[in-house]
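For reference, the structure is listed below as structure tokens.
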Amino acid sequence: MSSDPPARAAMPPALDEAADELRRRVARQFGRSLHIRTLDTGSCAACEQEIRMLAAPHYDLHRLGFFFTPTPRHADLLLVTGPMLRAFASAARKTYDAMPAPKLVVATGACALGGVYQPDEFSYGSVAAQLPIDVWIAGCPPSPLALLQGLMVAVDRMAEKASRLTFIAGGAL
Amino acid sequence: MPQWFVKGLRRGVVTTRYPARPDPLAATLPGPPAFRPDALTGQIADDLVRICPSRAFRRAPGTLIFDAGACTGCGRCRDRAPDAVTASGEFELAATNRSALVKLIPVRGDASTVEVIA
């Protein structure tokens, strides 16, 4: 198995536009019903706790058309947590490869985003080292509301907000 | 859980209205900090880079580089400088681009602010 990350970022502009169009089509297709496979690549299970809370009555993600599935073969979206342990990388790639296209990958939590662990002999330090990521959900752990927003962003039912935030108090935060 | 049970008995619904309407509990969630550039000095910025356990801060001349994706919301930066760092109350942090979570915060009194922002 190659350790090179998938080259999604290095696409020429024309391909980039095609990718955007594909994204929009995927969003239309996934707009009403989307099956999620969760993948733990070495997280502390705080993210899993929050993901499990999504199905609780207060959040009830099923009302929005999201469902959890026990197998990647039935999944439209891979919800990945943890810093991608090297020992788990081939399993992660196999999970991704087993999903039918079109598929989305969502990196969940600060470890998966490359925040907590540096790359070392045990982990890659970021999920992006092994999987092509469509949406990044920040938080440690992200609250169920943050996960809901991330899922809605992934299927283009909500606008992404992060790029407009300045994190400057008193300004247009 | 008990509050939800009572609320459910009284109103019949426990489920949040989010995303159609804001969730009142969202304000109580731990989250990344927000900064007051007029109180954020170079000394404080250097300290934040040093104390952040998840390396969410980096430093450039005139700028504090804050990576909201790496932030764990632990609050150490707020404890170090309560005047310059506050809670943002922000939780809608999903990004389609990793670099959208990296923010440049201007630092007061650092000489080369203009050069970095431009």
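By convention here, the chains of the structure tokens are called A, B, ... in the order presented, each chain's residues are numbered starting at 1, and ligands are numbered starting at 1 in the order presented.
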(Q) When you look at range 13-20 of chain B with a cut-off of 6 Å (counting only C-alpha atoms), what residues show up, excluding the ones that are within fewer than 3 positions of it in the same chain? I need them as a PyMOL selection string. (A) (chain A and resi 57-59) or (chain B and resi 8+23)
*Please give the complete set of residues from chain A that DSSP, run on the backbone, assigns to alpha helix (DSSP H), formatted as an NGL selection string.*
:A and (13-30 or 46-53 or 89-98 or 109-112 or 144-154)
Practice task
Using only C-alpha atoms, determine which residues of chain A fall within 6 Å of chain B; present them as a ChimeraX atom specification.
Solution key: /A:57-59,110,115-116,134-140,146,150,162-163,167-169
Selected residues, C-alpha atoms, written as a PDB file, in the first residue's frame, please.
ATOM      1  CA  PRO A  57     -33.919  12.153  21.082  1.00  0.00           C
ATOM      2  CA  HIS A  58     -32.551  15.653  21.575  1.00  0.00           C
ATOM      3  CA  TYR A  59     -30.592  15.636  18.283  1.00  0.00           C
ATOM      4  CA  ALA A 110      -8.956  17.942  16.314  1.00  0.00           C
ATOM      5  CA  GLY A 115      -4.138  19.315  15.619  1.00  0.00           C
ATOM      6  CA  VAL A 116      -3.217  17.081  18.518  1.00  0.00           C
ATOM      7  CA  ASP A 134     -14.370  16.569   1.691  1.00  0.00           C
ATOM      8  CA  VAL A 135     -15.380  18.289   4.942  1.00  0.00           C
ATOM      9  CA  TRP A 136     -13.412  19.072   8.098  1.00  0.00           C
ATOM     10  CA  ILE A 137     -15.292  19.332  11.415  1.00  0.00           C
ATOM     11  CA  ALA A 138     -13.320  21.137  14.115  1.00  0.00           C
ATOM     12  CA  GLY A 139     -13.785  20.536  17.834  1.00  0.00           C
ATOM     13  CA  CYS A 140     -12.427  18.353  20.614  1.00  0.00           C
ATOM     14  CA  ALA A 146     -21.321  20.816  15.244  1.00  0.00           C
ATOM     15  CA  GLY A 150     -20.802  19.363   9.294  1.00  0.00           C
ATOM     16  CA  ALA A 162     -15.837  28.690   8.817  1.00  0.00           C
ATOM     17  CA  SER A 163     -14.150  30.652   6.035  1.00  0.00           C
ATOM     18  CA  PHE A 167     -12.154  34.904  15.603  1.00  0.00           C
ATOM     19  CA  ILE A 168     -11.743  38.570  16.461  1.00  0.00           C
ATOM     20  CA  ALA A 169     -13.988  39.546  19.382  1.00  0.00           C
TER      21      ALA A 169
END
Exercise for the section: Select from range 38-98 of chain A everything DSSP, run on the backbone, classes as strand (DSSP E), then give the selection as a ChimeraX atom specification. Expected result: /A:38-40,66-68,77-81
Taken to one decimal, the CA of Cys77 in chain B-CA of Leu48 in chain B distance is 6.0 Å
Of A:Cys47, A:Val106, A:Ala18, A:Ala98, the one sitting nearest Met152 in chain A when using only C-alpha atoms is A:Val106
Pairwise distance, CA of Val80 in chain A with CA of Arg28 in chain A, equals 22.6 Å
- Item | Which residue of A:Arg52, A:Lys161, A:Lys103, A:Arg86 approaches Ser143 in chain A most closely, using only C-alpha atoms |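 Of A:Arg52, A:Lys161, A:Lys103, A:Arg86, the one nearest Ser143 in chain A is A:Arg52, counting only C-alpha atoms.
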Report task. Calculate how many Å separate CA of Pro102 in chain A from CA of Gly65 in chain A, rounding to one decimal. Result ->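 We find that CA of Pro102 in chain A and CA of Gly65 in chain A lie 17.3 Å from each other.
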